[in-house]
Amino acid sequence: MNTLIRSREFWLALIVAAMILATNFRAPGFASPSNLANIFNDTAILMILALGQMTVILTRSIDLSMASNLALTGMIVALINAAYPAIPVPVLMALAALCGLALGAFNGALVWLLGIPAIVVTLGTLTIFRGVIFLIAGGQWVNADAMSTSFVQLTRIQFLGLPILSWYAIVIAACFFLMMTRTALGRSIYAIGINPTASVYAGIDVGRTTFMAFCISGMLAGFCGYLWVSRYVIGSVEVAKGYELTIVAACVIGGISIAGGVGSVAGALLGALFLGVINVALPVINISPFWQMAISGGAIILAVILNARGEKRGGRLILRQAENAS
Amino acid sequence: MTDTSAETRHIPDRLDTPLRAAIFSWPALLLLVAIALFVVNSFMSPYFLSPWSLSDATFNFTEKAIIALAMALLIISGEIDLSVASIIALASTMMGLALQFGVGMPGLVAIGVMTGLFCGMFNGFLVTRLGLPSIVVTIGTMSFFRGISFIVLGDQAFKGYPASFAFFGQGYVWWVVSFEFVLFLVCAVIYYVLLHRTNFGRHVFVIGNNKVAAQFSGVRVERVKFILFCLTGTMSGIASVLLTSRLASTRPSIALGWELEVVTMVVLGGVSILGGSGSIQGVVLAAFIMGLVTFGLGLLNVPGIVMSIFIGALLIFVIALPIVFRMIRERRT
């Protein structure tokens, strides 16, 4: 119980809940289940992306190319769908994930094999990927008429009261939780973030694990490429422009340390949800949506200050049992 | 961000002679690339080698390059400022606000530069006093500063800057030599002296190489970093004056995405993103290279978005090339 109250995720969840209740005060019905489901659905893509970014940040790297990767794969599947509507959409979804995986692997390979800092590599690929969209699409948009019905519907079908888009996020989050806490890869990702040198002695291949983290973030960005294009029914060069830093912001608010090794799946999800709730709440309580940027900026700064306070107190928790025992 | 373990640092038995070191240095390679681009460009387009078009070409990189000079010092010291483009937006918005209250040309310039300074101080305070990682802090202030612009302006724009204000971004000092370009060259010389010829500059390098050792050697690490954030903010304020004057209007989306271009320029200039090494000559050459690439491709009617492929590829290629060469050489021995 004590550890729960001390955890950052607990407080963040409390803050998000308080924000929802406060908004509900001004605009009754905001906290109704159907509206909460809407907020969740609106945030689903950001949640998936934040989970991908989290794996990379945990390894002391950063992936600034996620939004461009998303836009590029989104454009690729949209073009394929427009040209060959007969190809079943699940195939396209797999293709999007594969395509994103390939782009992520390109980032990861440069970081792993050439040892170029991740921020430089992804800064480069951020602009390259987005330029390639223009090349393959010839500056054209893919709009609603060109997309097949199933392409658009496979984020919208209701399933057990939630749109299927929300279910994608839930399933991916569950897989992530298992991966980060129950598999060797997940533990290695934490380990190399906490102490790369010790990880080498423990038999972990630091470069390869970082590479895997980039593959994961790339794959999720690619999959979100399909989700984004299908949900907003538009494929263009401008898709998700500047979104890379929103993803990082979600992670930072979620308590994922940019220095690596610290952060949790719940944190990433709550960080994304925090931004999502602000996004939806502001217009409802009659604050101009132009306030949104400054507020999320302020939230990031505040989150970092609070995170730093939390990290200063005591050393890093090594054994959970040890703390409980004392 | 990435770990530089001890074995990647190569310590030679004896140092190269100064001439040899200069020939194989990063700026020399950049100079070669710049010359090559210049030659290729003049063959590709008959319009390239005209004084006026070359002068026009300088406008699209000087404002970014002015920020890149200060950013180079900041990155050498091991920090980064991703909020520079947002500082431009905020400073421009403040100038626009002041204009509504009838402030004249000198006042506008002062307000623009001071806003930049204050933003830099704010970043510096958060990073040095509260001990927060600069990359996250400045991602936060990036939204925050531009967010204030959006609150003030919404979907509106400030227009109607006085005619005397237009000189900074549109004026020419002599023939085809623009004020912006002269200011950039003057700043480059100042920053060269500051980084390579003063104690302060040595401290910047020392901090970037080993913060703890610097602290124990009596370098006032936090103060130097604070000053660097202030400098970067001030240069962004100056760039904001230039850009606002050139566009003669302020929108909250002004200079969107410039932070990444400025960082690209600095890294292309041979400044290690991990801190500790780099030179102003390199950054100046990188600025010219980026200007030449965008201008040359522009003359060939290549759209801006495609140019960004070249810039991104150039960034990765130029950094990967020496690493690949070194790997091949090490495999042989």
# chains A, B, ... in the order shown; residues from 1 in each chain; ligands from 1

$ closest_atom_pairs --of "stretch 206-306 of chain A" --to "stretch 32-39 of chain A" --cutoff "8 Å" --atoms "only C-alpha atoms" --output "tab-separated table"
residue	atom	partner	partner_atom	distance
A:Gly276	CA	A:Ile39	CA	6.7
A:Val277	CA	A:Ile39	CA	6.6
A:Val280	CA	A:Ile39	CA	6.9

$ write_last_selection --atoms "N, CA and C atoms" --output "compact mmCIF listing (two decimals), in the first residue's frame"
# COMPACT_ATOMS: atom_id res chain seq x y z
N GLY A 276 -4.36 13.74 -23.51
CA GLY A 276 -5.64 13.51 -24.17
C GLY A 276 -6.78 14.20 -23.46
N VAL A 277 -6.79 14.11 -22.11
CA VAL A 277 -7.87 14.72 -21.34
C VAL A 277 -7.84 16.24 -21.50
N VAL A 280 -9.35 17.27 -24.78
CA VAL A 280 -10.80 17.21 -24.89
C VAL A 280 -11.47 18.20 -23.93

$ interface_residues --of "chain B" --to "chain A" --cutoff "8 Å" --atoms "only C-alpha atoms" --output "MDAnalysis selection string"
chainID B and resid 1:3 130:133 136:137 139:148 150:151 154 257 260 264 267 273:274 305:313 315:316 319:320 323:324

$ select_by_dssp --residues "stretch 32-276 of chain B" --states "helix (DSSP H, G or I)" --output "PDB file with C-alpha atoms, in the first residue's frame"
ATOM      1  CA  LEU B  32      35.538  20.617 -49.668  1.00  0.00           C
ATOM      2  CA  VAL B  33      31.848  19.720 -49.652  1.00  0.00           C
ATOM      3  CA  ALA B  34      30.913  23.412 -49.808  1.00  0.00           C
ATOM      4  CA  ILE B  35      33.224  24.051 -52.771  1.00  0.00           C
ATOM      5  CA  ALA B  36      31.949  20.946 -54.542  1.00  0.00           C
ATOM      6  CA  LEU B  37      28.362  22.083 -54.019  1.00  0.00           C
ATOM      7  CA  PHE B  38      29.234  25.533 -55.311  1.00  0.00           C
ATOM      8  CA  VAL B  39      30.807  24.141 -58.472  1.00  0.00           C
ATOM      9  CA  VAL B  40      28.010  21.645 -59.076  1.00  0.00           C
ATOM     10  CA  ASN B  41      25.428  24.344 -58.549  1.00  0.00           C
ATOM     11  CA  SER B  42      27.032  26.728 -61.010  1.00  0.00           C
ATOM     12  CA  PHE B  43      27.059  23.984 -63.649  1.00  0.00           C
ATOM     13  CA  MET B  44      23.496  22.914 -62.944  1.00  0.00           C
ATOM     14  CA  PRO B  51      25.510  38.322 -57.264  1.00  0.00           C
ATOM     15  CA  TRP B  52      21.858  39.019 -56.588  1.00  0.00           C
ATOM     16  CA  SER B  53      20.730  35.422 -56.523  1.00  0.00           C
ATOM     17  CA  LEU B  54      23.670  34.488 -54.301  1.00  0.00           C
ATOM     18  CA  SER B  55      22.669  37.331 -52.021  1.00  0.00           C
ATOM     19  CA  ASP B  56      19.098  36.050 -51.955  1.00  0.00           C
ATOM     20  CA  ALA B  57      20.446  32.630 -51.070  1.00  0.00           C
ATOM     21  CA  THR B  58      21.935  33.948 -47.844  1.00  0.00           C
ATOM     22  CA  PHE B  59      18.537  34.964 -46.483  1.00  0.00           C
ATOM     23  CA  ASN B  60      17.289  31.428 -46.074  1.00  0.00           C
ATOM     24  CA  PHE B  61      19.989  30.381 -43.641  1.00  0.00           C
ATOM     25  CA  THR B  62      21.399  33.437 -41.845  1.00  0.00           C
ATOM     26  CA  GLU B  63      18.696  33.607 -39.197  1.00  0.00           C
ATOM     27  CA  LYS B  64      19.086  29.933 -38.352  1.00  0.00           C
ATOM     28  CA  ALA B  65      22.876  30.218 -38.523  1.00  0.00           C
ATOM     29  CA  ILE B  66      22.874  33.088 -36.021  1.00  0.00           C
ATOM     30  CA  ILE B  67      21.159  30.819 -33.505  1.00  0.00           C
ATOM     31  CA  ALA B  68      23.399  27.897 -34.471  1.00  0.00           C
ATOM     32  CA  LEU B  69      26.486  29.844 -33.316  1.00  0.00           C
ATOM     33  CA  ALA B  70      25.218  30.029 -29.738  1.00  0.00           C
ATOM     34  CA  MET B  71      23.679  26.562 -29.936  1.00  0.00           C
ATOM     35  CA  ALA B  72      27.112  25.182 -30.857  1.00  0.00           C
ATOM     36  CA  LEU B  73      28.548  26.416 -27.553  1.00  0.00           C
ATOM     37  CA  LEU B  74      25.588  25.033 -25.669  1.00  0.00           C
ATOM     38  CA  ILE B  75      25.904  21.599 -27.296  1.00  0.00           C
ATOM     39  CA  ILE B  76      29.673  21.561 -26.742  1.00  0.00           C
ATOM     40  CA  VAL B  84      14.858  28.278 -29.872  1.00  0.00           C
ATOM     41  CA  ALA B  85      12.177  28.336 -32.563  1.00  0.00           C
ATOM     42  CA  SER B  86       9.511  28.918 -29.939  1.00  0.00           C
ATOM     43  CA  ILE B  87      11.563  31.757 -28.480  1.00  0.00           C
ATOM     44  CA  ILE B  88      11.480  33.320 -31.960  1.00  0.00           C
ATOM     45  CA  ALA B  89       7.699  33.011 -31.961  1.00  0.00           C
ATOM     46  CA  LEU B  90       7.318  34.468 -28.469  1.00  0.00           C
ATOM     47  CA  ALA B  91       9.753  37.331 -29.097  1.00  0.00           C
ATOM     48  CA  SER B  92       7.996  38.119 -32.349  1.00  0.00           C
ATOM     49  CA  THR B  93       4.636  38.082 -30.565  1.00  0.00           C
ATOM     50  CA  MET B  94       5.927  40.441 -27.874  1.00  0.00           C
ATOM     51  CA  MET B  95       7.184  42.826 -30.538  1.00  0.00           C
ATOM     52  CA  GLY B  96       3.796  42.665 -32.213  1.00  0.00           C
ATOM     53  CA  LEU B  97       2.069  43.387 -28.900  1.00  0.00           C
ATOM     54  CA  ALA B  98       4.353  46.331 -28.249  1.00  0.00           C
ATOM     55  CA  LEU B  99       3.566  47.595 -31.730  1.00  0.00           C
ATOM     56  CA  GLN B 100      -0.131  47.726 -30.809  1.00  0.00           C
ATOM     57  CA  MET B 105      11.489  50.863 -33.936  1.00  0.00           C
ATOM     58  CA  PRO B 106      14.266  50.966 -31.267  1.00  0.00           C
ATOM     59  CA  GLY B 107      11.818  49.815 -28.621  1.00  0.00           C
ATOM     60  CA  LEU B 108      10.650  46.904 -30.786  1.00  0.00           C
ATOM     61  CA  VAL B 109      14.186  45.663 -31.297  1.00  0.00           C
ATOM     62  CA  ALA B 110      14.930  45.962 -27.587  1.00  0.00           C
ATOM     63  CA  ILE B 111      11.771  44.060 -26.696  1.00  0.00           C
ATOM     64  CA  GLY B 112      12.552  41.284 -29.176  1.00  0.00           C
ATOM     65  CA  VAL B 113      16.080  40.776 -27.915  1.00  0.00           C
ATOM     66  CA  MET B 114      15.097  41.091 -24.250  1.00  0.00           C
ATOM     67  CA  THR B 115      12.309  38.529 -24.645  1.00  0.00           C
ATOM     68  CA  GLY B 116      14.904  36.144 -26.042  1.00  0.00           C
ATOM     69  CA  LEU B 117      17.200  36.837 -23.107  1.00  0.00           C
ATOM     70  CA  PHE B 118      14.421  36.233 -20.570  1.00  0.00           C
ATOM     71  CA  CYS B 119      13.423  32.968 -22.234  1.00  0.00           C
ATOM     72  CA  GLY B 120      17.058  31.878 -22.141  1.00  0.00           C
ATOM     73  CA  MET B 121      17.285  32.821 -18.474  1.00  0.00           C
ATOM     74  CA  PHE B 122      14.157  30.777 -17.774  1.00  0.00           C
ATOM     75  CA  ASN B 123      15.645  27.711 -19.491  1.00  0.00           C
ATOM     76  CA  GLY B 124      18.973  28.294 -17.762  1.00  0.00           C
ATOM     77  CA  PHE B 125      17.293  28.614 -14.377  1.00  0.00           C
ATOM     78  CA  LEU B 126      15.413  25.341 -14.794  1.00  0.00           C
ATOM     79  CA  VAL B 127      18.487  23.472 -16.002  1.00  0.00           C
ATOM     80  CA  THR B 128      21.182  24.851 -13.696  1.00  0.00           C
ATOM     81  CA  ARG B 129      19.281  25.762 -10.517  1.00  0.00           C
ATOM     82  CA  SER B 134      17.966  20.251 -20.688  1.00  0.00           C
ATOM     83  CA  ILE B 135      16.478  18.146 -23.483  1.00  0.00           C
ATOM     84  CA  VAL B 136      13.270  17.598 -21.528  1.00  0.00           C
ATOM     85  CA  VAL B 137      13.099  21.092 -20.071  1.00  0.00           C
ATOM     86  CA  THR B 138      13.413  22.676 -23.481  1.00  0.00           C
ATOM     87  CA  ILE B 139      10.845  20.317 -25.015  1.00  0.00           C
ATOM     88  CA  GLY B 140       8.565  21.674 -22.302  1.00  0.00           C
ATOM     89  CA  THR B 141       9.450  25.327 -22.811  1.00  0.00           C
ATOM     90  CA  MET B 142       9.178  24.746 -26.550  1.00  0.00           C
ATOM     91  CA  SER B 143       5.447  24.110 -26.139  1.00  0.00           C
ATOM     92  CA  PHE B 144       5.182  26.686 -23.395  1.00  0.00           C
ATOM     93  CA  PHE B 145       6.728  29.656 -25.230  1.00  0.00           C
ATOM     94  CA  ARG B 146       4.921  28.991 -28.492  1.00  0.00           C
ATOM     95  CA  GLY B 147       1.799  28.241 -26.497  1.00  0.00           C
ATOM     96  CA  ILE B 148       1.870  31.800 -25.120  1.00  0.00           C
ATOM     97  CA  SER B 149       2.082  33.074 -28.697  1.00  0.00           C
ATOM     98  CA  PHE B 150      -0.982  31.021 -29.556  1.00  0.00           C
ATOM     99  CA  ILE B 151      -2.852  32.364 -26.524  1.00  0.00           C
ATOM    100  CA  VAL B 152      -2.055  35.952 -27.494  1.00  0.00           C
ATOM    101  CA  LEU B 153      -2.605  35.610 -31.218  1.00  0.00           C
ATOM    102  CA  ALA B 163       9.109  51.089 -42.394  1.00  0.00           C
ATOM    103  CA  SER B 164      12.286  51.755 -40.393  1.00  0.00           C
ATOM    104  CA  PHE B 165      11.914  48.271 -38.847  1.00  0.00           C
ATOM    105  CA  ALA B 166      12.132  46.631 -42.277  1.00  0.00           C
ATOM    106  CA  PHE B 167      15.849  47.366 -42.559  1.00  0.00           C
ATOM    107  CA  PHE B 168      16.928  44.481 -40.297  1.00  0.00           C
ATOM    108  CA  GLY B 169      15.503  41.738 -42.449  1.00  0.00           C
ATOM    109  CA  GLN B 170      15.323  43.415 -45.841  1.00  0.00           C
ATOM    110  CA  PHE B 179      22.378  43.498 -43.191  1.00  0.00           C
ATOM    111  CA  GLU B 180      21.465  39.979 -42.039  1.00  0.00           C
ATOM    112  CA  PHE B 181      24.528  38.511 -43.699  1.00  0.00           C
ATOM    113  CA  VAL B 182      26.885  41.111 -42.238  1.00  0.00           C
ATOM    114  CA  LEU B 183      25.387  40.585 -38.797  1.00  0.00           C
ATOM    115  CA  PHE B 184      25.898  36.837 -39.162  1.00  0.00           C
ATOM    116  CA  LEU B 185      29.568  37.287 -40.113  1.00  0.00           C
ATOM    117  CA  VAL B 186      30.163  39.685 -37.216  1.00  0.00           C
ATOM    118  CA  CYS B 187      28.501  37.270 -34.792  1.00  0.00           C
ATOM    119  CA  ALA B 188      30.553  34.403 -36.221  1.00  0.00           C
ATOM    120  CA  VAL B 189      33.786  36.296 -35.505  1.00  0.00           C
ATOM    121  CA  ILE B 190      32.618  37.174 -31.990  1.00  0.00           C
ATOM    122  CA  TYR B 191      31.683  33.571 -31.265  1.00  0.00           C
ATOM    123  CA  TYR B 192      34.931  32.314 -32.775  1.00  0.00           C
ATOM    124  CA  VAL B 193      36.900  34.520 -30.394  1.00  0.00           C
ATOM    125  CA  LEU B 194      34.655  33.621 -27.478  1.00  0.00           C
ATOM    126  CA  LEU B 195      34.924  29.864 -27.999  1.00  0.00           C
ATOM    127  CA  HIS B 196      38.471  29.453 -29.247  1.00  0.00           C
ATOM    128  CA  ASN B 199      39.032  31.293 -20.903  1.00  0.00           C
ATOM    129  CA  PHE B 200      35.283  31.127 -21.110  1.00  0.00           C
ATOM    130  CA  GLY B 201      35.555  29.083 -24.307  1.00  0.00           C
ATOM    131  CA  ARG B 202      38.029  26.685 -22.708  1.00  0.00           C
ATOM    132  CA  HIS B 203      35.627  26.248 -19.814  1.00  0.00           C
ATOM    133  CA  VAL B 204      32.869  25.346 -22.258  1.00  0.00           C
ATOM    134  CA  PHE B 205      35.028  22.560 -23.709  1.00  0.00           C
ATOM    135  CA  VAL B 206      36.135  21.354 -20.286  1.00  0.00           C
ATOM    136  CA  ILE B 207      32.555  21.164 -19.040  1.00  0.00           C
ATOM    137  CA  GLY B 208      31.524  19.228 -22.125  1.00  0.00           C
ATOM    138  CA  ASN B 209      34.346  16.736 -21.713  1.00  0.00           C
ATOM    139  CA  LYS B 211      31.685  18.111 -15.862  1.00  0.00           C
ATOM    140  CA  VAL B 212      32.950  16.710 -12.591  1.00  0.00           C
ATOM    141  CA  ALA B 213      36.592  17.379 -13.388  1.00  0.00           C
ATOM    142  CA  ALA B 214      35.654  20.895 -14.459  1.00  0.00           C
ATOM    143  CA  GLN B 215      33.909  21.492 -11.153  1.00  0.00           C
ATOM    144  CA  PHE B 216      36.948  20.296  -9.217  1.00  0.00           C
ATOM    145  CA  VAL B 221      29.964  24.888 -14.264  1.00  0.00           C
ATOM    146  CA  GLU B 222      26.438  26.014 -13.478  1.00  0.00           C
ATOM    147  CA  ARG B 223      27.220  29.658 -14.111  1.00  0.00           C
ATOM    148  CA  VAL B 224      28.855  28.977 -17.483  1.00  0.00           C
ATOM    149  CA  LYS B 225      25.866  26.881 -18.520  1.00  0.00           C
ATOM    150  CA  PHE B 226      23.458  29.569 -17.362  1.00  0.00           C
ATOM    151  CA  ILE B 227      25.304  32.136 -19.480  1.00  0.00           C
ATOM    152  CA  LEU B 228      25.185  29.787 -22.479  1.00  0.00           C
ATOM    153  CA  PHE B 229      21.412  29.420 -22.167  1.00  0.00           C
ATOM    154  CA  CYS B 230      21.121  33.220 -21.944  1.00  0.00           C
ATOM    155  CA  LEU B 231      23.292  33.588 -25.062  1.00  0.00           C
ATOM    156  CA  THR B 232      21.202  31.080 -27.013  1.00  0.00           C
ATOM    157  CA  GLY B 233      18.035  32.861 -25.931  1.00  0.00           C
ATOM    158  CA  THR B 234      19.431  36.259 -26.882  1.00  0.00           C
ATOM    159  CA  MET B 235      20.545  35.030 -30.298  1.00  0.00           C
ATOM    160  CA  SER B 236      17.059  33.601 -30.836  1.00  0.00           C
ATOM    161  CA  GLY B 237      15.697  37.026 -29.906  1.00  0.00           C
ATOM    162  CA  ILE B 238      17.977  38.645 -32.485  1.00  0.00           C
ATOM    163  CA  ALA B 239      16.932  36.078 -35.079  1.00  0.00           C
ATOM    164  CA  SER B 240      13.331  36.889 -34.217  1.00  0.00           C
ATOM    165  CA  VAL B 241      13.930  40.585 -34.935  1.00  0.00           C
ATOM    166  CA  LEU B 242      15.453  39.680 -38.304  1.00  0.00           C
ATOM    167  CA  LEU B 243      12.744  37.225 -39.268  1.00  0.00           C
ATOM    168  CA  THR B 244       9.874  39.432 -38.128  1.00  0.00           C
ATOM    169  CA  SER B 245      11.375  42.326 -40.031  1.00  0.00           C
ATOM    170  CA  ARG B 246      11.834  40.186 -43.135  1.00  0.00           C
ATOM    171  CA  LEU B 247       8.298  38.777 -43.085  1.00  0.00           C
ATOM    172  CA  TRP B 258      13.483  25.468 -36.883  1.00  0.00           C
ATOM    173  CA  GLU B 259      14.892  23.955 -33.708  1.00  0.00           C
ATOM    174  CA  LEU B 260      15.673  20.728 -35.519  1.00  0.00           C
ATOM    175  CA  GLU B 261      17.230  22.561 -38.476  1.00  0.00           C
ATOM    176  CA  VAL B 262      19.457  24.561 -36.137  1.00  0.00           C
ATOM    177  CA  VAL B 263      20.577  21.397 -34.348  1.00  0.00           C
ATOM    178  CA  THR B 264      21.192  19.736 -37.717  1.00  0.00           C
ATOM    179  CA  MET B 265      23.359  22.694 -38.721  1.00  0.00           C
ATOM    180  CA  VAL B 266      25.398  22.458 -35.526  1.00  0.00           C
ATOM    181  CA  VAL B 267      25.881  18.701 -35.736  1.00  0.00           C
ATOM    182  CA  LEU B 268      26.734  18.893 -39.420  1.00  0.00           C
TER     183      LEU B 268
END

$ residues_around --residues "A:Ile194" --least-positions-apart "3" --cutoff "8 Å" --atoms "only C-alpha atoms" --output "PyMOL selection string"
chain A and resi 190-191+260-262

$ write_last_selection --atoms "C-alpha atoms" --output "mmCIF file, in the first residue's frame"
data_model
loop_
_atom_site.group_PDB
_atom_site.id
_atom_site.type_symbol
_atom_site.label_atom_id
_atom_site.label_comp_id
_atom_site.auth_asym_id
_atom_site.auth_seq_id
_atom_site.Cartn_x
_atom_site.Cartn_y
_atom_site.Cartn_z
ATOM 1 C CA TYR A 190 15.614 -1.714 -18.299
ATOM 2 C CA ALA A 191 19.034 -3.089 -17.421
ATOM 3 C CA GLY A 260 17.065 5.840 -19.181
ATOM 4 C CA GLY A 261 16.097 2.880 -17.076
ATOM 5 C CA VAL A 262 13.175 4.441 -15.207
#

$ closest_residue --among "A:Ser217, A:Gln53, A:Thr73, A:Ser148" --to "A:Ala105" --atoms "only C-alpha atoms"
A:Ser217
